[in-house]
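**Q** File follows, protein.cif with mmCIF, C-alpha atoms:
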```cif
data_run
#
loop_
_atom_site.group_PDB
_atom_site.id
_atom_site.type_symbol
_atom_site.label_atom_id
_atom_site.label_comp_id
_atom_site.auth_asym_id
_atom_site.auth_seq_id
_atom_site.Cartn_x
_atom_site.Cartn_y
_atom_site.Cartn_z
ATOM 1 C CA MET A 58 95.121 73.049 145.641
ATOM 2 C CA SER A 59 96.766 73.848 148.995
ATOM 3 C CA ARG A 60 95.798 76.986 150.915
ATOM 4 C CA SER A 61 99.286 78.538 150.450
ATOM 5 C CA LYS A 62 99.223 77.988 146.670
ATOM 6 C CA LEU A 63 95.728 79.459 146.476
ATOM 7 C CA MET A 64 96.864 82.603 148.325
ATOM 8 C CA LEU A 65 99.883 82.983 145.988
ATOM 9 C CA LEU A 66 97.576 82.687 142.961
ATOM 10 C CA ILE A 67 95.224 85.398 144.317
ATOM 11 C CA VAL A 68 98.139 87.769 145.026
ATOM 12 C CA GLY A 69 99.504 87.190 141.516
ATOM 13 C CA LEU A 70 96.134 88.012 139.934
ATOM 14 C CA LEU A 71 95.832 91.209 141.981
ATOM 15 C CA VAL A 72 99.313 92.367 140.906
ATOM 16 C CA LEU A 73 98.478 91.630 137.261
ATOM 17 C CA ALA A 74 95.195 93.568 137.536
ATOM 18 C CA ALA A 75 96.975 96.565 139.053
ATOM 19 C CA GLY A 76 99.513 96.550 136.230
ATOM 20 C CA LEU A 77 96.776 96.466 133.596
ATOM 21 C CA ARG A 78 94.947 99.319 135.315
ATOM 22 C CA ASN A 79 98.103 101.473 135.270
ATOM 23 C CA GLU A 80 98.707 100.725 131.572
ATOM 24 C CA ILE A 81 95.126 101.727 130.737
ATOM 25 C CA GLY A 82 95.556 104.949 132.724
ATOM 26 C CA ARG A 83 98.618 105.897 130.707
ATOM 27 C CA ALA A 84 97.067 104.986 127.382
ATOM 28 C CA LEU A 85 93.953 107.148 127.683
ATOM 29 C CA PRO A 86 94.427 110.872 126.940
ATOM 30 C CA LEU A 87 91.548 111.838 129.257
ATOM 31 C CA GLN A 88 91.128 109.904 132.443
ATOM 32 C CA PHE A 89 90.120 109.988 136.061
ATOM 33 C CA LEU A 90 92.756 108.541 138.367
ATOM 34 C CA HIS A 91 91.052 108.019 141.705
ATOM 35 C CA PHE A 92 93.157 108.637 144.790
ATOM 36 C CA ASN A 93 92.423 107.394 148.262
ATOM 37 C CA SER A 94 94.182 108.023 151.541
ATOM 38 C CA SER A 95 96.535 105.045 151.088
ATOM 39 C CA GLN A 96 97.566 106.093 147.580
ATOM 40 C CA THR A 97 98.317 109.759 148.220
ATOM 41 C CA SER A 98 101.944 110.260 149.173
ATOM 42 C CA GLU A 99 103.265 111.956 152.266
ATOM 43 C CA ILE A 100 105.431 114.410 150.366
ATOM 44 C CA SER A 101 108.052 116.759 151.717
ATOM 45 C CA SER A 102 105.880 119.691 150.614
ATOM 46 C CA ALA A 103 103.565 119.149 153.596
ATOM 47 C CA PRO A 104 105.687 119.951 156.660
ATOM 48 C CA VAL A 105 104.159 120.094 160.103
ATOM 49 C CA ARG A 106 105.343 123.610 160.798
ATOM 50 C CA PRO A 107 103.117 126.384 159.383
ATOM 51 C CA GLY A 108 104.321 128.547 156.550
ATOM 52 C CA GLU A 109 104.974 132.286 156.523
ATOM 53 C CA VAL A 110 102.015 134.266 155.207
ATOM 54 C CA ILE A 111 103.360 136.519 152.450
ATOM 55 C CA TRP A 112 99.974 137.706 151.147
ATOM 56 C CA SER A 113 96.366 137.470 152.321
ATOM 57 C CA ALA A 114 92.896 138.818 151.568
ATOM 58 C CA ASP A 115 90.028 138.740 154.060
ATOM 59 C CA MET A 116 87.924 141.365 152.196
ATOM 60 C CA GLU A 117 87.431 143.316 155.428
ATOM 61 C CA THR A 118 88.423 146.447 153.493
ATOM 62 C CA GLY A 119 84.947 146.203 151.981
ATOM 63 C CA ASP A 120 86.362 145.868 148.472
ATOM 64 C CA LEU A 121 88.777 143.728 146.431
ATOM 65 C CA SER A 122 91.803 146.012 146.747
ATOM 66 C CA GLN A 123 93.786 143.375 148.684
ATOM 67 C CA TRP A 124 94.081 141.360 145.484
ATOM 68 C CA SER A 125 95.999 144.248 143.858
ATOM 69 C CA VAL A 126 98.480 145.274 146.578
ATOM 70 C CA PRO A 127 101.085 146.782 146.692
ATOM 71 C CA ASP A 128 99.422 149.117 144.179
ATOM 72 C CA VAL A 129 95.847 150.250 143.678
ATOM 73 C CA PRO A 130 93.650 148.137 141.361
ATOM 74 C CA GLY A 131 94.851 148.599 137.806
ATOM 75 C CA GLY A 132 98.004 150.463 138.874
ATOM 76 C CA PRO A 133 101.389 149.863 137.210
ATOM 77 C CA ASN A 134 102.744 147.893 140.190
ATOM 78 C CA THR A 135 99.756 145.749 141.075
ATOM 79 C CA GLY A 136 100.475 142.274 142.412
ATOM 80 C CA GLY A 137 97.213 140.884 141.047
ATOM 81 C CA GLY A 138 93.802 141.919 139.839
ATOM 82 C CA VAL A 139 90.167 141.118 139.153
ATOM 83 C CA PHE A 140 89.016 140.046 135.696
ATOM 84 C CA ASN A 141 85.517 139.394 134.352
ATOM 85 C CA SER A 142 84.305 137.931 131.078
ATOM 86 C CA GLY A 143 80.908 137.055 129.671
ATOM 87 C CA LEU A 144 78.016 137.555 132.076
ATOM 88 C CA SER A 145 79.810 137.883 135.387
ATOM 89 C CA ILE A 146 80.042 140.143 138.422
ATOM 90 C CA VAL A 147 82.452 140.011 141.338
ATOM 91 C CA GLY A 148 82.232 142.157 144.439
ATOM 92 C CA VAL A 149 82.330 142.135 148.214
ATOM 93 C CA ASP A 150 79.194 141.472 150.217
ATOM 94 C CA GLU A 151 78.608 142.315 153.841
ATOM 95 C CA VAL A 152 77.022 139.016 154.675
ATOM 96 C CA GLY A 153 76.312 137.098 157.819
ATOM 97 C CA LEU A 154 77.713 134.015 156.125
ATOM 98 C CA ALA A 155 81.273 135.406 155.850
ATOM 99 C CA HIS A 156 83.813 132.901 157.081
ATOM 100 C CA SER A 157 85.348 135.540 159.347
ATOM 101 C CA GLY A 158 84.534 139.176 159.978
ATOM 102 C CA LEU A 159 81.741 140.819 158.005
ATOM 103 C CA HIS A 160 82.790 140.511 154.369
ATOM 104 C CA ALA A 161 83.361 137.863 151.718
ATOM 105 C CA ALA A 162 83.983 137.986 147.978
ATOM 106 C CA ARG A 163 80.885 137.134 145.937
ATOM 107 C CA LEU A 164 81.586 135.583 142.526
ATOM 108 C CA PHE A 165 78.547 135.480 140.225
ATOM 109 C CA ILE A 166 78.233 134.181 136.663
ATOM 110 C CA ASN A 167 75.335 133.500 134.327
ATOM 111 C CA THR A 168 76.161 130.767 131.831
ATOM 112 C CA GLN A 169 73.012 131.191 129.779
ATOM 113 C CA SER A 170 75.141 131.321 126.663
ATOM 114 C CA THR A 171 74.599 133.513 123.670
ATOM 115 C CA GLY A 172 76.527 133.274 120.439
ATOM 116 C CA GLU A 173 78.661 136.268 121.417
ATOM 117 C CA LEU A 174 79.276 135.107 125.015
ATOM 118 C CA PRO A 175 80.107 131.381 124.959
ATOM 119 C CA THR A 176 81.686 131.401 128.425
ATOM 120 C CA SER A 177 81.307 133.437 131.592
ATOM 121 C CA GLY A 178 83.909 133.831 134.294
ATOM 122 C CA THR A 179 85.227 135.986 137.067
ATOM 123 C CA ARG A 180 88.762 135.575 138.388
ATOM 124 C CA LEU A 181 90.646 136.869 141.423
ATOM 125 C CA PHE A 182 94.344 136.803 140.462
ATOM 126 C CA ARG A 183 97.703 136.972 142.238
ATOM 127 C CA TRP A 184 100.907 136.928 140.199
ATOM 128 C CA LEU A 185 103.448 138.802 142.337
ATOM 129 C CA GLU A 186 104.218 135.909 144.695
ATOM 130 C CA PRO A 187 104.059 133.034 142.141
ATOM 131 C CA GLU A 188 106.448 134.922 139.874
ATOM 132 C CA LYS A 189 108.918 135.403 142.739
ATOM 133 C CA TYR A 190 108.815 131.982 144.418
ATOM 134 C CA PRO A 191 108.670 128.667 142.497
ATOM 135 C CA GLU A 192 107.191 126.739 145.445
ATOM 136 C CA LEU A 193 104.252 128.146 147.391
ATOM 137 C CA TYR A 194 101.241 127.097 149.457
ATOM 138 C CA TYR A 195 97.760 128.530 148.904
ATOM 139 C CA ARG A 196 94.661 128.675 151.095
ATOM 140 C CA VAL A 197 91.055 129.606 150.306
ATOM 141 C CA TRP A 198 87.772 129.234 152.159
ATOM 142 C CA PHE A 199 84.843 128.443 149.830
ATOM 143 C CA TYR A 200 81.075 128.588 150.285
ATOM 144 C CA PHE A 201 78.783 126.931 147.722
ATOM 145 C CA PRO A 202 75.186 127.939 148.585
ATOM 146 C CA GLN A 203 73.657 125.126 146.553
ATOM 147 C CA ARG A 204 74.367 122.302 144.127
ATOM 148 C CA TYR A 205 75.270 123.120 140.536
ATOM 149 C CA VAL A 206 75.793 120.769 137.602
ATOM 150 C CA PRO A 207 78.307 121.554 134.819
ATOM 151 C CA ASN A 208 76.489 120.492 131.659
ATOM 152 C CA GLY A 209 78.460 121.957 128.773
ATOM 153 C CA ASN A 210 80.016 119.995 125.910
ATOM 154 C CA PRO A 211 82.390 119.031 127.403
ATOM 155 C CA PRO A 212 81.226 119.897 130.936
ATOM 156 C CA TRP A 213 83.666 121.882 133.064
ATOM 157 C CA TRP A 214 83.610 124.376 135.933
ATOM 158 C CA ASN A 215 86.905 125.958 136.977
ATOM 159 C CA VAL A 216 87.172 127.460 140.495
ATOM 160 C CA PHE A 217 90.961 127.493 141.166
ATOM 161 C CA GLN A 218 93.836 127.528 138.687
ATOM 162 C CA TRP A 219 97.409 128.376 137.776
ATOM 163 C CA LYS A 220 98.260 129.965 134.442
ATOM 164 C CA SER A 221 101.541 130.518 132.610
ATOM 165 C CA LYS A 222 102.433 133.362 130.273
ATOM 166 C CA ARG A 223 105.180 133.689 127.704
ATOM 167 C CA ALA A 224 105.367 136.420 125.090
ATOM 168 C CA ASP A 225 101.732 137.121 124.166
ATOM 169 C CA VAL A 226 100.393 133.657 125.112
ATOM 170 C CA SER A 227 98.697 133.047 128.487
ATOM 171 C CA ASP A 228 97.143 129.661 129.197
ATOM 172 C CA PRO A 229 95.870 127.641 132.157
ATOM 173 C CA PHE A 230 98.134 124.754 133.136
ATOM 174 C CA ILE A 231 96.547 123.161 136.202
ATOM 175 C CA ALA A 232 92.913 123.732 137.234
ATOM 176 C CA LEU A 233 90.773 122.567 140.128
ATOM 177 C CA ASN A 234 87.412 121.808 138.556
ATOM 178 C CA VAL A 235 84.030 120.836 139.972
ATOM 179 C CA GLY A 236 82.205 117.736 138.790
ATOM 180 C CA ASN A 237 79.226 115.690 139.966
ATOM 181 C CA ARG A 238 79.143 112.149 141.248
ATOM 182 C CA SER A 239 76.485 109.632 140.198
ATOM 183 C CA ASP A 240 74.221 110.803 143.038
ATOM 184 C CA GLY A 241 74.630 114.460 142.006
ATOM 185 C CA ALA A 242 77.004 115.474 144.807
ATOM 186 C CA MET A 243 79.682 117.975 143.786
ATOM 187 C CA TYR A 244 83.365 117.125 144.135
ATOM 188 C CA PHE A 245 86.767 118.475 143.090
ATOM 189 C CA TYR A 246 88.948 116.964 140.389
ATOM 190 C CA LEU A 247 92.223 118.113 138.868
ATOM 191 C CA TYR A 248 92.666 118.968 135.204
ATOM 192 C CA ASP A 249 96.130 119.123 133.639
ATOM 193 C CA LYS A 250 95.454 121.128 130.482
ATOM 194 C CA ASN A 251 98.996 120.778 129.178
ATOM 195 C CA ALA A 252 98.734 116.979 129.246
ATOM 196 C CA ALA A 253 94.947 116.899 128.592
ATOM 197 C CA LYS A 254 94.335 114.608 131.567
ATOM 198 C CA SER A 255 91.865 114.693 134.445
ATOM 199 C CA TYR A 256 92.473 113.242 137.902
ATOM 200 C CA GLY A 257 89.581 112.444 140.202
ATOM 201 C CA GLN A 258 89.263 111.512 143.842
ATOM 202 C CA SER A 259 86.758 109.692 146.027
ATOM 203 C CA ILE A 260 87.806 111.137 149.390
ATOM 204 C CA LYS A 261 85.726 114.306 149.749
ATOM 205 C CA ASN A 262 82.564 115.863 148.349
ATOM 206 C CA ILE A 263 81.896 119.599 148.260
ATOM 207 C CA PRO A 264 79.514 120.522 151.078
ATOM 208 C CA GLU A 265 76.510 122.688 150.262
ATOM 209 C CA GLY A 266 75.604 125.668 152.425
ATOM 210 C CA GLN A 267 78.691 125.667 154.639
ATOM 211 C CA TRP A 268 82.227 127.014 154.576
ATOM 212 C CA PHE A 269 85.090 124.635 153.882
ATOM 213 C CA ARG A 270 88.813 125.056 153.427
ATOM 214 C CA VAL A 271 91.015 124.238 150.426
ATOM 215 C CA ASP A 272 94.819 124.225 150.656
ATOM 216 C CA ALA A 273 97.232 123.655 147.798
ATOM 217 C CA PHE A 274 100.944 123.295 147.122
ATOM 218 C CA TYR A 275 102.310 124.254 143.711
ATOM 219 C CA LYS A 276 105.805 123.837 142.354
ATOM 220 C CA CYS A 277 106.126 125.966 139.240
ATOM 221 C CA SER A 278 108.401 124.239 136.709
ATOM 222 C CA GLY A 279 108.947 124.460 132.962
ATOM 223 C CA GLU A 280 110.062 120.820 132.937
ATOM 224 C CA LYS A 281 108.397 117.660 134.200
ATOM 225 C CA THR A 282 109.534 118.338 137.742
ATOM 226 C CA GLY A 283 106.455 120.264 138.847
ATOM 227 C CA HIS A 284 104.216 119.179 141.693
ATOM 228 C CA VAL A 285 100.674 120.024 142.815
ATOM 229 C CA THR A 286 98.865 118.821 145.933
ATOM 230 C CA PHE A 287 95.397 119.651 147.282
ATOM 231 C CA TRP A 288 93.890 119.274 150.742
ATOM 232 C CA GLN A 289 90.224 119.754 151.615
ATOM 233 C CA ASP A 290 89.524 120.475 155.275
ATOM 234 C CA GLY A 291 92.938 119.023 156.124
ATOM 235 C CA ALA A 292 92.559 115.762 154.167
ATOM 236 C CA GLN A 293 94.826 115.297 151.160
ATOM 237 C CA ILE A 294 92.592 114.669 148.160
ATOM 238 C CA LEU A 295 94.892 115.077 145.126
ATOM 239 C CA ASP A 296 98.613 114.743 144.515
ATOM 240 C CA LEU A 297 100.294 114.982 141.126
ATOM 241 C CA SER A 298 104.080 114.916 140.733
ATOM 242 C CA ASP A 299 106.575 115.036 137.865
ATOM 243 C CA VAL A 300 104.422 117.278 135.684
ATOM 244 C CA GLN A 301 105.092 120.450 133.705
ATOM 245 C CA THR A 302 103.395 123.356 135.481
ATOM 246 C CA ARG A 303 104.416 126.332 133.331
ATOM 247 C CA TYR A 304 105.790 127.185 129.909
ATOM 248 C CA PRO A 305 109.594 126.953 129.563
ATOM 249 C CA GLY A 306 110.706 130.529 130.004
ATOM 250 C CA GLY A 307 107.208 131.517 131.136
ATOM 251 C CA ASN A 308 105.837 132.591 134.500
ATOM 252 C CA CYS A 309 103.186 131.349 136.908
ATOM 253 C CA SER A 310 100.075 133.126 138.193
ATOM 254 C CA TRP A 311 97.252 131.909 140.422
ATOM 255 C CA SER A 312 93.561 132.708 140.557
ATOM 256 C CA VAL A 313 90.345 131.789 142.343
ATOM 257 C CA ASN A 314 87.497 131.624 139.854
ATOM 258 C CA ASN A 315 83.879 131.057 139.003
ATOM 259 C CA TYR A 316 84.255 130.126 135.347
ATOM 260 C CA SER A 317 82.281 127.827 133.019
ATOM 261 C CA THR A 318 80.525 127.457 129.681
ATOM 262 C CA SER A 319 77.312 125.972 131.056
ATOM 263 C CA LEU A 320 75.843 125.202 134.482
ATOM 264 C CA ASN A 321 72.482 124.092 135.787
ATOM 265 C CA PRO A 322 71.099 126.356 137.203
ATOM 266 C CA SER A 323 72.719 128.739 134.723
ATOM 267 C CA ALA A 324 73.111 131.571 137.271
ATOM 268 C CA ALA A 325 75.693 130.476 139.844
ATOM 269 C CA THR A 326 77.130 132.273 142.879
ATOM 270 C CA ILE A 327 79.966 131.116 145.118
ATOM 271 C CA TYR A 328 81.728 132.941 147.965
ATOM 272 C CA VAL A 329 85.432 133.194 148.807
ATOM 273 C CA ASP A 330 87.028 134.376 152.049
ATOM 274 C CA ASP A 331 90.334 134.375 153.947
ATOM 275 C CA ALA A 332 92.599 133.638 150.992
ATOM 276 C CA ALA A 333 96.346 133.444 151.627
ATOM 277 C CA ILE A 334 99.678 132.560 150.038
ATOM 278 C CA CYS A 335 102.378 131.091 152.267
ATOM 279 C CA LEU A 336 106.056 130.296 151.995
ATOM 280 C CA GLY A 337 107.759 127.257 153.511
ATOM 281 C CA GLY A 338 104.671 125.356 154.656
ATOM 282 C CA ARG A 339 100.908 125.248 154.651
ATOM 283 C CA CYS A 340 99.066 128.329 155.850
ATOM 284 C CA LYS A 341 97.712 128.287 159.389
#
```
Go ahead and render the structure in this file as structure tokens.
**A**
Amino acid sequence: MSRSKLMLLIVGLLVLAAGLRNEIGRALPLQFLHFNSSQTSEISSAPVRPGEVIWSADMETGDLSQWSVPDVPGGPNTGGGVFNSGLSIVGVDEVGLAHSGLHAARLFINTQSTGELPTSGTRLFRWLEPEKYPELYYRVWFYFPQRYVPNGNPPWWNVFQWKSKRADVSDPFIALNVGNRSDGAMYFYLYDKNAAKSYGQSIKNIPEGQWFRVDAFYKCSGEKTGHVTFWQDGAQILDLSDVQTRYPGGNCSWSVNNYSTSLNPSAATIYVDDAAICLGGRCK
């Protein structure tokens, strides 16, 4: 066989393999689609110019009141709030490890489950801005002091999500979850609850014992025109387009969480600082 024919045969086999891989990905209800830097798209939702900060929380007030502005926590006109369930505590620590200033939010859960408390979670919510603007950018600085392993059945650990509410129903739609690679390293993957699909990535791991930045873009849509993109320390790690990101006729809300059914170790603390929501481009 000539060299040119051999090259054409190899190219044809690669194209066929790619087609089979895509068909398998669509056929499985739960899957991990692994993105790399050549697969993630350069979408229009990532302009060079920075966005306008329309809300932020640096916890330098010494409490979590910034998550509730323009009203006091629990007031009738709050723009967000703090919610705990199971064995969980959220507060503000004056810690030397704060990303900036003196304070950071400390999110603690204990997933040592009892029959009455199957899950534990704490959530820092904002709904004012997501309800007003269908397309927004989000920024959070995270600090994971150590490695944790989600080991529930099924295993999951939710640290960042968008929910949608209609009538008396409120459900997560898109969640940023934490998983573990074969060597135990933690990493982020995306879970589309509405479609019951998971999307993984091999670009970044979650560092232990140091601050790192997560940015996101979210287009809130009741049809399959929604879009979600994540960046970790400036590198795009996940990009999902043409998906439903809220209930038809429902709203969108966003939260930063520490939320799981089971972790090892069971008592888990993470820190959050310098959160922001921006309009028109990624936060500075």
**Q** Report as a PDB file with C-alpha atoms, in the frame of the given file the full result of the PyMOL selection byres ((chain A and resi 268-284) around 7) when it is applied to this structure.
**A**
```
ATOM      1  CA  HIS A 156      83.813 132.901 157.081  1.00  0.00           C
ATOM      2  CA  PRO A 191     108.670 128.667 142.497  1.00  0.00           C
ATOM      3  CA  GLU A 192     107.191 126.739 145.445  1.00  0.00           C
ATOM      4  CA  LEU A 193     104.252 128.146 147.391  1.00  0.00           C
ATOM      5  CA  TYR A 194     101.241 127.097 149.457  1.00  0.00           C
ATOM      6  CA  TYR A 195      97.760 128.530 148.904  1.00  0.00           C
ATOM      7  CA  ARG A 196      94.661 128.675 151.095  1.00  0.00           C
ATOM      8  CA  VAL A 197      91.055 129.606 150.306  1.00  0.00           C
ATOM      9  CA  TRP A 198      87.772 129.234 152.159  1.00  0.00           C
ATOM     10  CA  PHE A 199      84.843 128.443 149.830  1.00  0.00           C
ATOM     11  CA  TYR A 200      81.075 128.588 150.285  1.00  0.00           C
ATOM     12  CA  GLN A 267      78.691 125.667 154.639  1.00  0.00           C
ATOM     13  CA  VAL A 285     100.674 120.024 142.815  1.00  0.00           C
ATOM     14  CA  THR A 286      98.865 118.821 145.933  1.00  0.00           C
ATOM     15  CA  PHE A 287      95.397 119.651 147.282  1.00  0.00           C
ATOM     16  CA  TRP A 288      93.890 119.274 150.742  1.00  0.00           C
ATOM     17  CA  GLN A 289      90.224 119.754 151.615  1.00  0.00           C
ATOM     18  CA  ASP A 290      89.524 120.475 155.275  1.00  0.00           C
ATOM     19  CA  LEU A 297     100.294 114.982 141.126  1.00  0.00           C
ATOM     20  CA  SER A 298     104.080 114.916 140.733  1.00  0.00           C
ATOM     21  CA  ASP A 299     106.575 115.036 137.865  1.00  0.00           C
ATOM     22  CA  VAL A 300     104.422 117.278 135.684  1.00  0.00           C
ATOM     23  CA  GLN A 301     105.092 120.450 133.705  1.00  0.00           C
ATOM     24  CA  THR A 302     103.395 123.356 135.481  1.00  0.00           C
ATOM     25  CA  ARG A 303     104.416 126.332 133.331  1.00  0.00           C
ATOM     26  CA  TYR A 304     105.790 127.185 129.909  1.00  0.00           C
ATOM     27  CA  PRO A 305     109.594 126.953 129.563  1.00  0.00           C
ATOM     28  CA  GLY A 306     110.706 130.529 130.004  1.00  0.00           C
ATOM     29  CA  CYS A 309     103.186 131.349 136.908  1.00  0.00           C
TER      30      CYS A 309
END
```
**Q** Expanded to explicit residues, what is the PyMOL selection byres ((chain A and resi 164) around 8) for this file, as a ChimeraX atom specification?
**A** /A:145-148,162-163,165-166,179,314-315,326-329
**Q** Would you mind telling me which residue in A:Asp115, A:Asn237, A:Gln169, A:Ser177 lies nearest to A:Ala155 when using all atoms listed in the file?
**A**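 Smallest separation from A:Ala155 among the options: A:Asp115.
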**Q** To one decimal place, how far is atom CA of A:Ile263 from atom CA of A:Gly236 in Å?
**A** 9.7 Å
**Q** So which residues get picked by the PyMOL selection byres ((chain A and resi 220) around 9) here, written as a list in words?
**A**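 That selection, the PyMOL selection byres ((chain A and resi 220) around 9), comes back as Gln218, Trp219, Ser221, Lys222, Ser227, Asp228, Pro229, Phe230, Ile231, Ala232, Thr302, Arg303, Asn308, Cys309, Ser310, Trp311 and Ser312 of chain A.
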**Q** Report, in Å to a single decimal, how far apart atom CA of A:Ala333 and atom CA of A:Val126 are.
**A**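 Between atom CA of A:Val126 and atom CA of A:Ala333 the gap is 13.0 Å.
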**Q** So that I can check the surroundings of A:Ser170, please list as a PyMOL selection string every protein, DNA and RNA residue that reaches within 9 Å of it, counting all atoms listed in the file and ignoring chain neighbours fewer than 6 positions away.
**A** chain A and resi 143-144+176-177+318-319+323
**Q** Contacts of A:Gly136 at 7 Å or less, counting all atoms listed in the file, minus same-chain residues fewer than 2 places along, as number ranges by chain?
**A** A: 125-127, 134, 183-185
**Q** At what distance in Å, to one decimal, does atom CA of A:Phe245 lie from atom CA of A:Asp120?
**A**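 Between atom CA of A:Asp120 and atom CA of A:Phe245 the gap is 27.9 Å.
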